[in-house]
$ cat structure.tsv   # TSV, C-alpha atoms
chain	number	residue	atom	x	y	z
Y	248	MET	CA	-167.70	38.50	53.26
Y	249	HIS	CA	-168.08	40.14	49.83
Y	250	PHE	CA	-169.87	43.47	49.65
Y	251	LEU	CA	-169.81	43.82	45.86
Y	252	PRO	CA	-172.32	42.07	43.58
Y	253	GLU	CA	-170.94	38.66	42.65
Y	254	ASN	CA	-170.53	39.46	38.94
Y	255	ILE	CA	-168.61	42.66	39.71
Y	256	ASP	CA	-166.49	40.83	42.30
Y	257	ASP	CA	-165.67	38.11	39.76
Y	258	TYR	CA	-164.71	40.73	37.17
Y	259	VAL	CA	-162.40	42.47	39.66
Y	260	VAL	CA	-160.70	39.21	40.58
Y	261	HIS	CA	-160.28	38.07	36.97
Y	262	HIS	CA	-158.74	41.39	35.97
Y	263	SER	CA	-156.22	41.47	38.80
Y	264	GLN	CA	-152.84	39.76	39.10
Y	265	GLN	CA	-153.18	36.05	39.83
Y	266	GLU	CA	-151.54	34.48	42.87
Y	267	PRO	CA	-148.25	32.56	42.42
Y	268	LYS	CA	-148.36	28.75	42.32
Y	269	ILE	CA	-146.82	28.40	45.79
Y	270	LEU	CA	-149.69	30.41	47.28
Y	271	GLN	CA	-152.25	28.37	45.36
Y	272	ASP	CA	-150.73	25.25	46.93
Y	273	LEU	CA	-150.67	26.78	50.41
Y	274	SER	CA	-154.29	27.87	50.09
Y	275	LYS	CA	-155.33	24.40	48.96
Y	276	GLU	CA	-153.49	22.68	51.82
Y	277	THR	CA	-154.93	25.12	54.34
Y	278	TRP	CA	-158.47	24.35	53.19
Y	279	GLN	CA	-157.73	20.62	53.34
Y	280	LYS	CA	-156.03	20.42	56.72
Y	281	VAL	CA	-156.60	23.46	58.94
Y	282	LEU	CA	-159.56	24.64	61.00
Y	283	ASN	CA	-161.23	27.89	59.95
Y	284	PRO	CA	-159.63	28.15	56.48
Y	285	ARG	CA	-161.72	31.27	55.83
Y	286	MET	CA	-159.11	33.08	57.93
Y	287	LEU	CA	-156.82	33.02	54.87
Y	288	SER	CA	-156.26	36.37	53.22
Y	289	GLY	CA	-157.17	34.74	49.91
Y	290	ALA	CA	-155.96	35.32	46.37
Y	291	PHE	CA	-157.34	38.79	45.68
Y	292	GLN	CA	-156.54	40.33	49.05
Y	293	GLY	CA	-153.17	38.63	48.95
Y	294	ARG	CA	-152.39	40.45	45.70
Y	295	VAL	CA	-153.49	43.71	47.34
Y	296	LEU	CA	-151.08	43.07	50.24
Y	297	SER	CA	-148.32	42.22	47.80
Y	298	MET	CA	-148.93	45.37	45.77
Y	299	ILE	CA	-148.92	47.62	48.84
Y	300	ALA	CA	-145.70	46.00	50.09
Y	301	LYS	CA	-144.05	46.48	46.69
Y	302	LEU	CA	-145.07	50.15	46.67
Y	303	VAL	CA	-143.78	50.70	50.21
Y	304	GLN	CA	-140.64	48.58	49.70
Y	305	PRO	CA	-140.25	48.04	53.45
Y	306	LYS	CA	-137.05	47.07	55.16
Y	307	THR	CA	-138.92	45.85	58.23
Y	308	ILE	CA	-142.41	44.33	58.45
Y	309	LEU	CA	-144.36	43.22	61.50
Y	310	GLU	CA	-147.27	40.86	61.01
Y	311	ILE	CA	-149.65	40.21	63.91
Y	312	GLY	CA	-151.40	36.95	63.07
Y	313	THR	CA	-149.48	34.45	60.92
Y	314	TYR	CA	-152.10	31.71	60.56
Y	315	THR	CA	-150.65	29.41	57.86
Y	316	GLY	CA	-148.27	32.01	56.43
Y	317	TYR	CA	-150.14	33.10	53.31
Y	318	SER	CA	-150.20	36.82	54.05
Y	319	ALA	CA	-146.60	36.76	55.30
Y	320	LEU	CA	-145.47	35.45	51.93
Y	321	CYS	CA	-147.53	38.07	50.11
Y	322	LEU	CA	-145.98	40.86	52.17
Y	323	ALA	CA	-142.50	39.41	51.81
Y	324	GLU	CA	-142.73	39.91	48.04
Y	325	GLY	CA	-142.20	43.64	48.63
Y	326	LEU	CA	-139.30	43.41	51.08
Y	327	GLN	CA	-136.04	45.15	50.33
Y	328	LYS	CA	-133.21	42.76	49.46
Y	329	ASN	CA	-131.91	42.71	53.02
Y	330	GLY	CA	-135.29	43.31	54.64
Y	331	LYS	CA	-137.07	41.12	57.14
Y	332	ILE	CA	-140.53	40.25	58.39
Y	333	ILE	CA	-141.35	39.31	61.98
Y	334	THR	CA	-144.61	37.39	62.17
Y	335	LEU	CA	-146.43	36.61	65.42
Y	336	ASP	CA	-149.04	33.97	66.19
Y	337	LYS	CA	-150.22	32.23	69.34
Y	338	ASN	CA	-150.87	28.86	67.63
Y	339	GLU	CA	-147.71	26.76	67.67
Y	340	GLU	CA	-149.49	23.89	65.91
Y	341	LEU	CA	-149.31	25.76	62.60
Y	342	GLU	CA	-145.52	26.23	62.59
Y	343	THR	CA	-144.83	23.07	60.58
Y	344	LEU	CA	-147.16	24.11	57.76
Y	345	GLN	CA	-145.82	27.67	57.82
Y	346	ASN	CA	-142.24	26.45	57.59
Y	347	LYS	CA	-143.01	24.10	54.72
Y	348	TYR	CA	-144.01	27.01	52.51
Y	349	PHE	CA	-141.53	29.52	53.92
Y	350	GLU	CA	-138.77	27.07	52.91
Y	351	LYS	CA	-140.18	26.77	49.39
Y	352	SER	CA	-140.66	30.50	48.94
Y	353	GLY	CA	-137.10	31.78	48.87
Y	354	PHE	CA	-137.89	34.12	51.78
Y	355	ARG	CA	-137.01	31.70	54.58
Y	356	ASN	CA	-133.97	33.69	55.74
Y	357	GLN	CA	-136.00	36.91	55.87
Y	358	ILE	CA	-138.87	35.57	57.98
Y	359	THR	CA	-138.77	35.30	61.78
Y	360	GLN	CA	-141.64	33.46	63.44
Y	361	ILE	CA	-142.47	34.06	67.08
Y	362	VAL	CA	-145.14	32.05	68.91
Y	363	GLY	CA	-146.98	33.60	71.82
Y	364	ASP	CA	-149.15	36.46	73.01
Y	365	ALA	CA	-148.50	39.43	70.70
Y	366	THR	CA	-149.41	41.93	73.42
Y	367	GLN	CA	-146.51	40.57	75.47
Y	368	ILE	CA	-144.09	40.07	72.57
Y	369	ILE	CA	-144.38	43.42	70.79
Y	370	PRO	CA	-142.95	45.49	73.68
Y	371	THR	CA	-139.83	43.28	73.62
Y	372	ILE	CA	-139.11	43.86	69.91
Y	373	ASP	CA	-136.41	46.46	69.43
Y	374	GLU	CA	-137.25	47.46	65.86
Y	375	LYS	CA	-138.80	50.29	63.92
Y	376	PHE	CA	-141.24	49.16	61.23
Y	377	ASP	CA	-142.05	50.39	57.74
Y	378	LEU	CA	-145.11	48.16	57.41
Y	379	VAL	CA	-147.37	46.46	59.95
Y	380	PHE	CA	-150.23	44.08	59.15
Y	381	ILE	CA	-152.78	43.48	61.91
Y	382	ASP	CA	-154.90	40.36	61.37
Y	383	ALA	CA	-155.35	38.62	64.71
Y	384	ASP	CA	-157.88	38.59	67.57
Y	385	LYS	CA	-160.18	41.55	67.04
Y	386	SER	CA	-160.60	42.17	70.77
Y	387	ASN	CA	-156.98	43.36	70.91
Y	388	TYR	CA	-156.92	45.63	67.84
Y	389	VAL	CA	-156.89	48.83	69.90
Y	390	ASN	CA	-154.14	47.38	72.11
Y	391	TYR	CA	-152.09	46.40	69.08
Y	392	PHE	CA	-152.35	49.90	67.67
Y	393	HIS	CA	-151.10	51.51	70.86
Y	394	LEU	CA	-148.25	48.99	71.05
Y	395	ILE	CA	-147.00	49.56	67.51
Y	396	ILE	CA	-147.61	53.24	66.81
Y	397	ASP	CA	-144.39	54.39	68.48
Y	398	LYS	CA	-142.46	51.65	66.68
Y	399	MET	CA	-143.43	52.96	63.23
Y	400	ASN	CA	-141.06	54.85	60.97
Y	401	ALA	CA	-142.35	58.12	59.52
Y	402	GLY	CA	-144.28	57.32	56.36
Y	403	GLY	CA	-144.83	53.76	57.55
Y	404	ILE	CA	-148.03	51.90	56.73
Y	405	ILE	CA	-150.37	50.08	59.11
Y	406	LEU	CA	-152.75	47.62	57.43
Y	407	SER	CA	-155.73	46.37	59.45
Y	408	ASP	CA	-157.87	43.46	58.25
Y	409	ASN	CA	-161.53	42.57	58.89
Y	410	VAL	CA	-162.50	46.10	59.88
Y	411	LEU	CA	-166.00	45.75	58.37
Y	412	TRP	CA	-166.56	42.49	60.26
Y	413	SER	CA	-169.12	40.98	57.91
Y	414	GLY	CA	-171.08	44.23	57.97
Y	415	LYS	CA	-171.66	44.11	61.73
Y	416	VAL	CA	-170.05	47.55	62.12
Y	417	VAL	CA	-173.16	49.18	60.61
Y	418	GLU	CA	-175.73	47.00	62.41
Y	419	PRO	CA	-177.25	47.58	65.86
Y	420	LEU	CA	-174.62	46.50	68.38
Y	421	ASN	CA	-175.25	43.43	70.48
Y	422	PRO	CA	-173.93	44.38	73.96
Y	423	LYS	CA	-172.42	40.89	74.27
Y	424	ASP	CA	-170.49	41.19	71.00
Y	425	LYS	CA	-167.08	42.32	72.26
Y	426	ASP	CA	-165.28	41.96	68.92
Y	427	THR	CA	-167.65	44.28	67.08
Y	428	LYS	CA	-167.57	46.77	69.95
Y	429	ILE	CA	-163.77	46.89	69.83
Y	430	LEU	CA	-163.71	47.16	66.04
Y	431	LEU	CA	-166.07	50.13	66.17
Y	432	GLU	CA	-163.75	51.77	68.69
Y	433	TYR	CA	-160.74	50.85	66.57
Y	434	ASN	CA	-162.16	52.25	63.34
Y	435	THR	CA	-162.97	55.51	65.11
Y	436	LEU	CA	-159.47	55.63	66.61
Y	437	LEU	CA	-157.83	55.26	63.20
Y	438	ASN	CA	-160.03	57.99	61.81
Y	439	ILE	CA	-159.31	60.58	64.52
Y	440	ASP	CA	-155.73	59.91	65.66
Y	441	ASN	CA	-153.70	62.85	64.33
Y	442	ARG	CA	-150.52	60.79	64.05
Y	443	ILE	CA	-151.89	58.93	61.04
Y	444	GLU	CA	-154.01	59.41	57.94
Y	445	THR	CA	-156.39	56.60	57.07
Y	446	VAL	CA	-158.54	55.21	54.29
Y	447	LEU	CA	-160.85	52.25	54.80
Y	448	LEU	CA	-161.10	50.08	51.70
Y	449	PRO	CA	-164.19	47.86	51.17
Y	450	ILE	CA	-161.98	44.96	50.06
Y	451	ARG	CA	-163.34	41.60	51.14
Y	452	ASP	CA	-164.08	42.04	54.87
Y	453	GLY	CA	-162.60	45.53	55.00
Y	454	LEU	CA	-158.94	46.60	54.89
Y	455	THR	CA	-157.75	49.85	56.44
Y	456	VAL	CA	-154.60	51.55	55.18
Y	457	SER	CA	-153.12	54.02	57.68
Y	458	ARG	CA	-150.04	56.11	56.92
Y	459	VAL	CA	-147.91	57.39	59.77
Y	460	LYS	CA	-147.18	61.11	59.42
$ encode --input "structure.tsv" --output "structure tokens"
Amino acid sequence: MHFLPENIDDYVVHHSQQEPKILQDLSKETWQKVLNPRMLSGAFQGRVLSMIAKLVQPKTILEIGTYTGYSALCLAEGLQKNGKIITLDKNEELETLQNKYFEKSGFRNQITQIVGDATQIIPTIDEKFDLVFIDADKSNYVNYFHLIIDKMNAGGIILSDNVLWSGKVVEPLNPKDKDTKILLEYNTLLNIDNRIETVLLPIRDGLTVSRVK
């Protein structure tokens, strides 16, 4: 979902850093072979993730929602030399494609993949994180926040994707639409929780940047 006029959106994209060749290849293969390729972060948002990671220079990253590994590779660009990223996804069928590009990227030794239910896995991870990217099932966004907030280092950044949900967050709520209901609750939570400070960016489908105090 793009909220900017197409000509302005095109101008923004063309005047931003272009994605590396390896990510172009991964994007192309995802669109050719994987269901729901629109779930990719995409070139522009990928460069935003990369830029934020490079500014934060995290030692530890947690990603909730690997998909084909595109966003993990973008975030890994900002890792400290000995840093690591733990990426979680419930779909084991995508591991082969993820690994293909993780191996090519030069970040293979810094990436740990875990397959399973993130709500069950996160409590077992004995780490403190400098950067967390939430981009998984929307119905669990509030749960993910409560699971990670005490695992964040001071000054750490929580990135949350799809928080505008194709504009549904400003439309009359369908009582049967659980995802939108949870996202409305989540966006309010991020705005009022006094442990963080938050800005919601109208990038693609909405990206929230929350800094832990």
$ closest_residue --input "structure.tsv" --among "Y:Leu430, Y:Ile443, Y:Leu454, Y:Leu378" --to "Ser407 (chain Y)" --atoms "all atoms listed in the file"
Y:Leu454
$ closest_atom_pairs --input "structure.tsv" --of "region 352-420 of chain Y" --to "region 324-347 of chain Y" --cutoff "12 Å" --atoms "all atoms listed in the file" --output "CSV"
residue,atom,partner,partner_atom,distance
Y:Ser352,CA,Y:Lys347,CA,8.9
Y:Gly353,CA,Y:Glu324,CA,9.9
Y:Phe354,CA,Y:Glu324,CA,8.4
Y:Arg355,CA,Y:Asn346,CA,8.0
Y:Asn356,CA,Y:Lys331,CA,8.2
Y:Gln357,CA,Y:Lys331,CA,4.5
Y:Ile358,CA,Y:Ile332,CA,5.0
Y:Thr359,CA,Y:Ile333,CA,4.8
Y:Gln360,CA,Y:Thr334,CA,5.1
Y:Ile361,CA,Y:Leu335,CA,5.0
Y:Val362,CA,Y:Lys337,CA,5.1
Y:Gly363,CA,Y:Lys337,CA,4.3
Y:Asp364,CA,Y:Lys337,CA,5.7
Y:Ala365,CA,Y:Leu335,CA,6.3
Y:Thr366,CA,Y:Leu335,CA,10.1
Y:Gln367,CA,Y:Leu335,CA,10.8
Y:Ile368,CA,Y:Leu335,CA,8.3
Y:Ile369,CA,Y:Leu335,CA,8.9
Y:Ile372,CA,Y:Ile333,CA,9.4
Y:Asp373,CA,Y:Ile333,CA,11.4
Y:Glu374,CA,Y:Ile333,CA,9.9
Y:Lys375,CA,Y:Ile333,CA,11.4
Y:Phe376,CA,Y:Ile332,CA,9.4
Y:Asp377,CA,Y:Leu326,CA,10.0
Y:Leu378,CA,Y:Ile332,CA,9.2
Y:Val379,CA,Y:Ile332,CA,9.4
Y:Phe380,CA,Y:Thr334,CA,9.2
Y:Ile381,CA,Y:Leu335,CA,10.0
Y:Asp382,CA,Y:Asp336,CA,9.9
Y:Ala383,CA,Y:Asp336,CA,8.0
Y:Asp384,CA,Y:Asp336,CA,10.1
Y:Tyr391,CA,Y:Leu335,CA,11.9
$ atom_distance --input "structure.tsv" --atom1 "CA of Asp272 (chain Y)" --atom2 "CA of Thr313 (chain Y)"
16.8 Å
$ closest_residue --input "structure.tsv" --among "Y:Ile311, Y:Ser457, Y:Arg285, Y:Ala401" --to "Ile439 (chain Y)" --atoms "all atoms listed in the file"
Y:Ser457
$ residues_near_point --input "structure.tsv" --point "(-157.6, 35.8, 50.2)" --cutoff "12 Å" --atoms "only C-alpha atoms" --output "PyMOL selection string"
chain Y and resi 248-249+260+265-266+270-271+273-275+277-278+284-297+316-318+321+408-409+450-454
$ write_last_selection --input "structure.tsv" --atoms "C-alpha atoms" --output "tab-separated table (two decimals), in the coordinates of the input"
chain	number	residue	atom	x	y	z
Y	248	MET	CA	-167.70	38.50	53.26
Y	249	HIS	CA	-168.08	40.14	49.83
Y	260	VAL	CA	-160.70	39.21	40.58
Y	265	GLN	CA	-153.18	36.05	39.83
Y	266	GLU	CA	-151.54	34.48	42.87
Y	270	LEU	CA	-149.69	30.41	47.28
Y	271	GLN	CA	-152.25	28.37	45.36
Y	273	LEU	CA	-150.67	26.78	50.41
Y	274	SER	CA	-154.29	27.87	50.09
Y	275	LYS	CA	-155.33	24.40	48.96
Y	277	THR	CA	-154.93	25.12	54.34
Y	278	TRP	CA	-158.47	24.35	53.19
Y	284	PRO	CA	-159.63	28.15	56.48
Y	285	ARG	CA	-161.72	31.27	55.83
Y	286	MET	CA	-159.11	33.08	57.93
Y	287	LEU	CA	-156.82	33.02	54.87
Y	288	SER	CA	-156.26	36.37	53.22
Y	289	GLY	CA	-157.17	34.74	49.91
Y	290	ALA	CA	-155.96	35.32	46.37
Y	291	PHE	CA	-157.34	38.79	45.68
Y	292	GLN	CA	-156.54	40.33	49.05
Y	293	GLY	CA	-153.17	38.63	48.95
Y	294	ARG	CA	-152.39	40.45	45.70
Y	295	VAL	CA	-153.49	43.71	47.34
Y	296	LEU	CA	-151.08	43.07	50.24
Y	297	SER	CA	-148.32	42.22	47.80
Y	316	GLY	CA	-148.27	32.01	56.43
Y	317	TYR	CA	-150.14	33.10	53.31
Y	318	SER	CA	-150.20	36.82	54.05
Y	321	CYS	CA	-147.53	38.07	50.11
Y	408	ASP	CA	-157.87	43.46	58.25
Y	409	ASN	CA	-161.53	42.57	58.89
Y	450	ILE	CA	-161.98	44.96	50.06
Y	451	ARG	CA	-163.34	41.60	51.14
Y	452	ASP	CA	-164.08	42.04	54.87
Y	453	GLY	CA	-162.60	45.53	55.00
Y	454	LEU	CA	-158.94	46.60	54.89
$ closest_residue --input "structure.tsv" --among "Y:His262, Y:Asp426, Y:Ala323, Y:Asn283" --to "Gln304 (chain Y)" --atoms "all atoms listed in the file"
Y:Ala323
$ atom_distance --input "structure.tsv" --atom1 "CA of Ser263 (chain Y)" --atom2 "CA of Gly312 (chain Y)"
25.2 Å
$ atom_distance --input "structure.tsv" --atom1 "CA of Gly414 (chain Y)" --atom2 "CA of Asn434 (chain Y)"
13.1 Å
$ closest_residue --input "structure.tsv" --among "Y:Ile269, Y:Tyr388, Y:Ile308, Y:Lys398" --to "Phe349 (chain Y)" --atoms "all atoms listed in the file"
Y:Ile269
$ closest_residue --input "structure.tsv" --among "Y:Leu448, Y:Glu418, Y:Phe392, Y:Glu350" --to "Tyr433 (chain Y)" --atoms "all atoms listed in the file"
Y:Phe392
$ build_atoms --input "structure.tsv" --residues "region 387-409 of chain Y" --atoms "N, CA and C atoms" --output "compact mmCIF listing (two decimals), keeping the file's coordinate frame"
# COMPACT_ATOMS: atom_id res chain seq x y z
N ASN Y 387 -158.22 42.69 70.54
CA ASN Y 387 -156.98 43.36 70.91
C ASN Y 387 -156.53 44.39 69.88
N TYR Y 388 -157.36 44.71 68.89
CA TYR Y 388 -156.92 45.63 67.84
C TYR Y 388 -156.48 46.99 68.40
N VAL Y 389 -157.26 47.53 69.31
CA VAL Y 389 -156.89 48.83 69.90
C VAL Y 389 -155.57 48.70 70.65
N ASN Y 390 -155.40 47.61 71.39
CA ASN Y 390 -154.14 47.38 72.11
C ASN Y 390 -152.97 47.27 71.15
N TYR Y 391 -153.17 46.55 70.05
CA TYR Y 391 -152.09 46.40 69.08
C TYR Y 391 -151.68 47.76 68.52
N PHE Y 392 -152.66 48.59 68.21
CA PHE Y 392 -152.35 49.90 67.67
C PHE Y 392 -151.47 50.70 68.63
N HIS Y 393 -151.87 50.73 69.88
CA HIS Y 393 -151.10 51.51 70.86
C HIS Y 393 -149.71 50.93 71.08
N LEU Y 394 -149.56 49.62 70.88
CA LEU Y 394 -148.25 48.99 71.05
C LEU Y 394 -147.31 49.26 69.88
N ILE Y 395 -147.86 49.43 68.69
CA ILE Y 395 -147.00 49.56 67.51
C ILE Y 395 -146.77 50.99 67.06
N ILE Y 396 -147.66 51.92 67.42
CA ILE Y 396 -147.61 53.24 66.81
C ILE Y 396 -146.27 53.94 67.04
N ASP Y 397 -145.68 53.75 68.21
CA ASP Y 397 -144.39 54.39 68.48
C ASP Y 397 -143.21 53.59 67.92
N LYS Y 398 -143.51 52.45 67.33
CA LYS Y 398 -142.46 51.65 66.68
C LYS Y 398 -142.49 51.81 65.15
N MET Y 399 -143.31 52.75 64.68
CA MET Y 399 -143.43 52.96 63.23
C MET Y 399 -142.45 54.04 62.76
N ASN Y 400 -141.83 53.80 61.61
CA ASN Y 400 -141.06 54.85 60.97
C ASN Y 400 -142.00 55.86 60.33
N ALA Y 401 -141.55 57.11 60.21
CA ALA Y 401 -142.35 58.12 59.52
C ALA Y 401 -142.64 57.65 58.10
N GLY Y 402 -143.87 57.80 57.68
CA GLY Y 402 -144.28 57.32 56.36
C GLY Y 402 -144.63 55.84 56.33
N GLY Y 403 -144.50 55.18 57.48
CA GLY Y 403 -144.83 53.76 57.55
C GLY Y 403 -146.32 53.51 57.39
N ILE Y 404 -146.65 52.28 57.02
CA ILE Y 404 -148.03 51.90 56.73
C ILE Y 404 -148.50 50.83 57.71
N ILE Y 405 -149.70 51.07 58.26
CA ILE Y 405 -150.37 50.08 59.11
C ILE Y 405 -151.58 49.56 58.34
N LEU Y 406 -151.62 48.27 58.10
CA LEU Y 406 -152.75 47.62 57.43
C LEU Y 406 -153.55 46.86 58.48
N SER Y 407 -154.86 47.03 58.47
CA SER Y 407 -155.73 46.37 59.45
C SER Y 407 -156.82 45.61 58.71
N ASP Y 408 -156.91 44.31 58.97
CA ASP Y 408 -157.87 43.46 58.25
C ASP Y 408 -159.16 43.28 59.04
N ASN Y 409 -160.22 42.92 58.31
CA ASN Y 409 -161.53 42.57 58.89
C ASN Y 409 -162.21 43.72 59.60
